[in-house]
Amino acid sequence: MNVTKRLAGPVAGALALGLALSSCAISDDQGTGTDLAGGSIKSDLLKGDSFTVGSKDFDEQLLLGQITLVALKAAGASTTDKTNIQGTSNTRAALVKGDIDMYWDYTGTGWITFLKNTKPIPDSQKQYEAVKKEDLAKNKIAWLDPAPANNTYAIAAKQPTIDKYKTKTLSDYAALAKKDPQAASICVESEFKSRDDGFPGVEKTYGFTLPDNQEKLLDTAVVYTTLNKGGTCNFGEVFETDGRVSGLNLVLLKDDKSFFPIYNPALTMQEATAEKYPELADLFKPIAAKLTTEELSSLNKKVSVDGEKPNAVATEWLKSNGFIG
């Protein structure tokens with residue numbers, strides 16, 4: 001997950017939303033060419049129904065959007081692909097306006113960004129239940145059962161760096177930052193550098209302050225490639241389920257004080273949609289349950305590192321888990 005996109009600023013009006021929604025579908029093959037019958041998804045569950053599916057514009061979201069589209073088609077529904085919408089605010093606005101019927105968002109985003117709470121809830125289930133209850137009451141947005149995957153912030157480094165500086169935890173990193181700030185140099189993107197639940201919060205929680213000249217500001221994707229090459233910084237901000245973590249053999253530092261918020265993905269939709277189609281909850285509950293951090297990271301790697309198409313990865317995953325034939 002790209003949190004810069006996940007936590008984008010407010011919508012700049014109807015024009016911005018219109019531009020964000022234009023030409024946004026990324027499906028490589030909506031028909032898939034695959035017989036979707038024969039799996040655990042009942043082919044007549046949503047027969048005759050029609051849904052428009054959205055997503056944000058980074059690889060994990062594109063993948064989740066395609067999983068949703070393929071599952072709906074397997075259940076007999078007709079679908080419209082409006083995935084790849086630019087930014088969290090635009091995607092949420094599309095849902096609220098009814099331009100899309102559903103998309104996956106994250107419990108931490110719901111709690112902090114949409115509901116304007118400042119302190120995350122450290123328990124995953126309690127965080128989900130709080131978001132589900134408050135978003136429904138305030139905004140009439142329903143959250144289906146979440147996946148156990150946690151696409152939260154993390155700080156990572158290459159194994160030789162971990163070994164050299166003996167930094168297995170964020171407490172170790174804090175000690176290094178106090179002792180040798182240059183050795184603790186870190187590459188970050190703008191959101192992480194400025195957010196309370198980003199690097200400023202890490203510094204406050206773990207009791208250190210890294211000099212500004214040891215914080216290198218880069219685009220999200222460049223953080224990964226820079227970490228992999230080495231030289232510019234020893235550590236970097238990453239996201240736990242990003243496929244590039246395993247693809248580049250990056251090592252995550254343990255958040256031993258449990259500072260970072262929990263970001264479990266869950267399918268969101270208007271309350272009216274959830275009430276009209278209770279079958280959606282039954283359809284996506286077992287799918288979400290399979291999406292662990294390890295599983296989603298592996299799927300993301302196929303898209304982000306191996307260059308496979310999100311629709312192809314989604315279809316194969318649903319097939320390998322018995323959801324489709």
# chains A, B, ... in the order shown; residues from 1 in each chain; ligands from 1
$ residues_around --residues "A:Thr268" --least-positions-apart "2" --cutoff "8 Å" --atoms "only C-alpha atoms" --output "list in words"
Met102, Tyr103, Trp104, Asp105, Ile141, Ala142, Trp143, Leu144, Ala266 and Gln270 of chain A
$ write_last_selection --atoms "N, CA and C atoms" --output "CSV table (one decimal), in the first residue's frame"
chain,number,residue,atom,x,y,z
A,102,MET,N,-18.6,-0.3,-4.6
A,102,MET,CA,-17.7,-0.9,-3.5
A,102,MET,C,-16.3,-0.7,-3.9
A,103,TYR,N,-15.4,-0.7,-2.8
A,103,TYR,CA,-14.0,-0.8,-3.0
A,103,TYR,C,-13.4,-1.2,-1.6
A,104,TRP,N,-12.2,-1.7,-1.6
A,104,TRP,CA,-11.5,-2.1,-0.4
A,104,TRP,C,-10.8,-0.9,0.2
A,105,ASP,N,-11.0,-0.6,1.5
A,105,ASP,CA,-10.2,0.4,2.2
A,105,ASP,C,-9.6,-0.2,3.5
A,141,ILE,N,-21.8,4.3,5.7
A,141,ILE,CA,-20.9,3.4,4.9
A,141,ILE,C,-20.7,2.1,5.7
A,142,ALA,N,-20.9,1.0,5.0
A,142,ALA,CA,-20.8,-0.3,5.7
A,142,ALA,C,-19.4,-0.9,5.3
A,143,TRP,N,-18.8,-1.6,6.4
A,143,TRP,CA,-17.6,-2.3,6.2
A,143,TRP,C,-17.8,-3.8,6.4
A,144,LEU,N,-17.5,-4.6,5.3
A,144,LEU,CA,-17.6,-6.0,5.4
A,144,LEU,C,-16.5,-6.6,6.3
A,266,ALA,N,-10.7,-4.1,4.1
A,266,ALA,CA,-12.1,-4.6,4.1
A,266,ALA,C,-12.8,-3.9,3.0
A,270,GLN,N,-21.9,1.5,0.4
A,270,GLN,CA,-23.0,2.2,1.1
A,270,GLN,C,-23.9,1.3,1.9
$ closest_atom_pairs --of "stretch 51-109 of chain A" --to "stretch 230-252 of chain A" --cutoff "12 Å" --atoms "only C-alpha atoms" --output "JSON lines"
{"residue": "A:Phe58", "atom": "CA", "partner": "A:Asp242", "partner_atom": "CA", "distance": 10.1}
{"residue": "A:Asp59", "atom": "CA", "partner": "A:Asp242", "partner_atom": "CA", "distance": 8.6}
{"residue": "A:Glu60", "atom": "CA", "partner": "A:Asp242", "partner_atom": "CA", "distance": 7.5}
{"residue": "A:Gln61", "atom": "CA", "partner": "A:Asp242", "partner_atom": "CA", "distance": 11.0}
{"residue": "A:Leu63", "atom": "CA", "partner": "A:Gly243", "partner_atom": "CA", "distance": 11.8}
$ write_last_selection --atoms "C-alpha atoms" --output "short mmCIF file (atom, residue, chain, number, x, y, z; two decimals), in the first residue's frame"
data_model
loop_
_atom_site.label_atom_id
_atom_site.label_comp_id
_atom_site.auth_asym_id
_atom_site.auth_seq_id
_atom_site.Cartn_x
_atom_site.Cartn_y
_atom_site.Cartn_z
CA PHE A 58 -1.54 1.31 -6.38
CA ASP A 59 -0.79 -2.35 -7.00
CA GLU A 60 -2.38 -3.88 -3.91
CA GLN A 61 -5.59 -1.96 -4.56
CA LEU A 63 -5.27 -6.55 -7.17
#
$ closest_residue --among "A:Ser78, A:Gly322, A:Pro261, A:Thr161" --to "A:Lys119" --atoms "only C-alpha atoms"
A:Pro261
$ atom_distance --atom1 "atom CA of A:Val96" --atom2 "atom CA of A:Leu291"
25.7 Å
$ select_by_dssp --residues "stretch 78-127 of chain A" --states "helix (DSSP H, G or I)" --output "list in words"
Thr88, Ser89, Asn90, Thr91, Arg92, Ala93, Ala94, Leu95, Val96, Lys97, Thr107, Gly108, Thr109, Gly110, Trp111, Ile112, Thr113, Phe114, Ser124, Gln125, Lys126 and Gln127 of chain A
$ write_last_selection --atoms "C-alpha atoms" --output "short mmCIF file (atom, residue, chain, number, x, y, z; two decimals), in the first residue's frame"
data_model
loop_
_atom_site.label_atom_id
_atom_site.label_comp_id
_atom_site.auth_asym_id
_atom_site.auth_seq_id
_atom_site.Cartn_x
_atom_site.Cartn_y
_atom_site.Cartn_z
CA THR A 88 -8.02 7.89 -1.27
CA SER A 89 -10.21 11.00 -1.15
CA ASN A 90 -11.36 10.58 -4.73
CA THR A 91 -12.08 6.88 -4.27
CA ARG A 92 -14.06 7.46 -1.10
CA ALA A 93 -15.95 10.33 -2.76
CA ALA A 94 -16.84 8.05 -5.67
CA LEU A 95 -18.35 5.58 -3.19
CA VAL A 96 -20.27 8.25 -1.30
CA LYS A 97 -21.64 9.74 -4.54
CA THR A 107 -9.36 0.21 9.00
CA GLY A 108 -6.58 2.61 9.99
CA THR A 109 -7.55 4.93 7.14
CA GLY A 110 -11.19 4.81 8.14
CA TRP A 111 -10.43 5.57 11.76
CA ILE A 112 -7.85 8.31 11.26
CA THR A 113 -8.65 9.90 7.89
CA PHE A 114 -12.41 9.54 7.42
CA SER A 124 -7.15 -5.29 15.27
CA GLN A 125 -10.68 -6.53 15.96
CA LYS A 126 -11.55 -3.59 18.21
CA GLN A 127 -10.20 -1.16 15.61
#
$ residues_around --residues "A:Ile67" --least-positions-apart "3" --cutoff "10 Å" --atoms "only C-alpha atoms" --output "VMD selection string"
chain A and resid 61 to 64 70 to 72 284 287 310 to 318
$ write_last_selection --atoms "N, CA and C atoms" --output "mmCIF file, in the first residue's frame"
data_model
loop_
_atom_site.group_PDB
_atom_site.id
_atom_site.type_symbol
_atom_site.label_atom_id
_atom_site.label_comp_id
_atom_site.auth_asym_id
_atom_site.auth_seq_id
_atom_site.Cartn_x
_atom_site.Cartn_y
_atom_site.Cartn_z
ATOM 1 N N GLN A 61 -4.202 -2.328 -4.326
ATOM 2 C CA GLN A 61 -5.592 -1.962 -4.562
ATOM 3 C C GLN A 61 -6.093 -2.469 -5.907
ATOM 4 N N LEU A 62 -5.256 -2.399 -6.925
ATOM 5 C CA LEU A 62 -5.640 -2.930 -8.234
ATOM 6 C C LEU A 62 -5.922 -4.427 -8.132
ATOM 7 N N LEU A 63 -5.104 -5.115 -7.372
ATOM 8 C CA LEU A 63 -5.273 -6.553 -7.168
ATOM 9 C C LEU A 63 -6.571 -6.850 -6.424
ATOM 10 N N LEU A 64 -6.826 -6.136 -5.338
ATOM 11 C CA LEU A 64 -8.058 -6.348 -4.574
ATOM 12 C C LEU A 64 -9.285 -6.033 -5.420
ATOM 13 N N VAL A 70 -13.717 -10.467 -10.301
ATOM 14 C CA VAL A 70 -13.782 -11.867 -10.714
ATOM 15 C C VAL A 70 -14.762 -12.643 -9.836
ATOM 16 N N ALA A 71 -14.731 -12.379 -8.533
ATOM 17 C CA ALA A 71 -15.652 -13.078 -7.623
ATOM 18 C C ALA A 71 -17.104 -12.737 -7.929
ATOM 19 N N LEU A 72 -17.377 -11.482 -8.218
ATOM 20 C CA LEU A 72 -18.740 -11.070 -8.553
ATOM 21 C C LEU A 72 -19.211 -11.737 -9.842
ATOM 22 N N PHE A 284 -17.851 -12.493 0.244
ATOM 23 C CA PHE A 284 -16.495 -11.993 0.458
ATOM 24 C C PHE A 284 -15.879 -12.344 1.817
ATOM 25 N N ILE A 287 -13.232 -15.031 1.315
ATOM 26 C CA ILE A 287 -12.149 -14.470 0.498
ATOM 27 C C ILE A 287 -11.258 -13.600 1.358
ATOM 28 N N PRO A 310 -2.795 -7.701 -12.712
ATOM 29 C CA PRO A 310 -3.640 -7.903 -11.525
ATOM 30 C C PRO A 310 -4.797 -8.863 -11.759
ATOM 31 N N ASN A 311 -5.439 -8.779 -12.934
ATOM 32 C CA ASN A 311 -6.574 -9.664 -13.198
ATOM 33 C C ASN A 311 -6.140 -11.119 -13.260
ATOM 34 N N ALA A 312 -4.990 -11.374 -13.882
ATOM 35 C CA ALA A 312 -4.491 -12.745 -13.989
ATOM 36 C C ALA A 312 -4.113 -13.302 -12.625
ATOM 37 N N VAL A 313 -3.467 -12.488 -11.796
ATOM 38 C CA VAL A 313 -3.084 -12.913 -10.447
ATOM 39 C C VAL A 313 -4.329 -13.186 -9.616
ATOM 40 N N ALA A 314 -5.318 -12.285 -9.706
ATOM 41 C CA ALA A 314 -6.556 -12.449 -8.947
ATOM 42 C C ALA A 314 -7.286 -13.729 -9.349
ATOM 43 N N THR A 315 -7.395 -13.967 -10.655
ATOM 44 C CA THR A 315 -8.103 -15.143 -11.145
ATOM 45 C C THR A 315 -7.420 -16.430 -10.701
ATOM 46 N N GLU A 316 -6.112 -16.484 -10.823
ATOM 47 C CA GLU A 316 -5.376 -17.678 -10.437
ATOM 48 C C GLU A 316 -5.479 -17.923 -8.935
ATOM 49 N N TRP A 317 -5.439 -16.850 -8.147
ATOM 50 C CA TRP A 317 -5.529 -17.002 -6.689
ATOM 51 C C TRP A 317 -6.904 -17.532 -6.286
ATOM 52 N N LEU A 318 -7.954 -16.989 -6.871
ATOM 53 C CA LEU A 318 -9.300 -17.465 -6.557
ATOM 54 C C LEU A 318 -9.466 -18.919 -6.988
#
$ residues_around --residues "stretch 197-207 of chain A" --least-positions-apart "4" --cutoff "8 Å" --atoms "only C-alpha atoms" --output "ChimeraX atom specification"
/A:153,170-171,174,191-193,257,259-261
$ write_last_selection --atoms "N, CA and C atoms" --output "tab-separated table (two decimals), in the first residue's frame"
chain	number	residue	atom	x	y	z
A	153	TYR	N	2.60	0.85	8.08
A	153	TYR	CA	3.96	1.35	7.91
A	153	TYR	C	4.98	0.40	8.56
A	170	LEU	N	12.76	-1.33	16.43
A	170	LEU	CA	12.76	0.14	16.37
A	170	LEU	C	13.45	0.72	17.60
A	171	SER	N	13.44	0.02	18.70
A	171	SER	CA	14.21	0.48	19.86
A	171	SER	C	15.71	0.46	19.55
A	174	ALA	N	16.35	3.44	17.36
A	174	ALA	CA	16.37	4.67	18.16
A	174	ALA	C	17.72	4.85	18.85
A	191	GLU	N	4.33	11.94	3.20
A	191	GLU	CA	3.31	11.64	4.21
A	191	GLU	C	3.96	11.13	5.49
A	192	PHE	N	4.87	10.18	5.33
A	192	PHE	CA	5.50	9.56	6.49
A	192	PHE	C	6.33	10.56	7.28
A	193	LYS	N	6.95	11.50	6.58
A	193	LYS	CA	7.79	12.50	7.23
A	193	LYS	C	6.99	13.47	8.09
A	257	LYS	N	7.19	-1.47	20.33
A	257	LYS	CA	6.29	-0.73	21.19
A	257	LYS	C	4.90	-0.60	20.56
A	259	PHE	N	3.70	0.85	17.89
A	259	PHE	CA	3.32	2.23	17.60
A	259	PHE	C	2.43	2.36	16.37
A	260	PHE	N	2.78	1.70	15.29
A	260	PHE	CA	2.09	1.94	14.02
A	260	PHE	C	0.64	1.45	14.06
A	261	PRO	N	-0.27	2.23	13.45
A	261	PRO	CA	-1.67	1.81	13.40
A	261	PRO	C	-1.85	0.52	12.59
$ select_by_dssp --residues "stretch 26-235 of chain A" --states "strand (DSSP E or B)" --output "ChimeraX atom specification"
/A:50-54,78-82,102-106,141-143,153-158,169,186-188,215-217,235
$ closest_residue --among "A:Asn117, A:Asn321, A:Asn264, A:Thr167" --to "A:Thr152" --atoms "only C-alpha atoms"
A:Asn264
$ residues_around --residues "A:Lys140" --least-positions-apart "4" --cutoff "12 Å" --atoms "only C-alpha atoms" --output "PDB file with C-alpha atoms, in the first residue's frame"
ATOM      1  CA  LEU A  95     -18.345   5.576  -3.191  1.00  0.00           C
ATOM      2  CA  VAL A  96     -20.269   8.252  -1.301  1.00  0.00           C
ATOM      3  CA  LYS A  97     -21.644   9.742  -4.536  1.00  0.00           C
ATOM      4  CA  VAL A 131     -14.597   1.903  12.405  1.00  0.00           C
ATOM      5  CA  LYS A 132     -17.545  -0.206  11.291  1.00  0.00           C
ATOM      6  CA  LYS A 133     -19.861   1.217  13.953  1.00  0.00           C
ATOM      7  CA  GLU A 134     -18.855   4.877  13.625  1.00  0.00           C
ATOM      8  CA  ASP A 135     -18.666   5.040   9.818  1.00  0.00           C
ATOM      9  CA  LEU A 136     -22.090   3.451   9.522  1.00  0.00           C
ATOM     10  CA  THR A 268     -16.646  -0.970   1.868  1.00  0.00           C
ATOM     11  CA  MET A 269     -19.989   0.045   0.368  1.00  0.00           C
ATOM     12  CA  GLN A 270     -22.994   2.219   1.076  1.00  0.00           C
ATOM     13  CA  GLU A 271     -25.315   0.938   3.792  1.00  0.00           C
ATOM     14  CA  ALA A 272     -28.137   0.689   1.241  1.00  0.00           C
ATOM     15  CA  THR A 273     -26.040  -1.620  -0.954  1.00  0.00           C
ATOM     16  CA  ALA A 274     -25.129  -3.888   1.961  1.00  0.00           C
ATOM     17  CA  GLU A 275     -28.774  -4.115   3.035  1.00  0.00           C
TER      18      GLU A 275
END
$ closest_residue --among "A:Asn228, A:Tyr263, A:Lys276, A:Leu210" --to "A:Tyr128" --atoms "only C-alpha atoms"
A:Tyr263
$ atom_distance --atom1 "atom CA of A:Gly76" --atom2 "atom CA of A:Asp44"
5.2 Å
$ residues_around --residues "A:Glu215" --least-positions-apart "5" --cutoff "8 Å" --atoms "only C-alpha atoms" --output "list in words"
Ser185, Ile186, Cys187, Val188 and Leu210 of chain A
$ write_last_selection --atoms "C-alpha atoms" --output "mmCIF file, in the first residue's frame"
data_model
loop_
_atom_site.group_PDB
_atom_site.id
_atom_site.type_symbol
_atom_site.label_atom_id
_atom_site.label_comp_id
_atom_site.auth_asym_id
_atom_site.auth_seq_id
_atom_site.Cartn_x
_atom_site.Cartn_y
_atom_site.Cartn_z
ATOM 1 C CA SER A 185 19.914 7.806 7.785
ATOM 2 C CA ILE A 186 16.450 7.068 6.426
ATOM 3 C CA CYS A 187 14.604 7.480 3.103
ATOM 4 C CA VAL A 188 10.942 8.485 3.494
ATOM 5 C CA LEU A 210 17.009 12.350 13.826
#
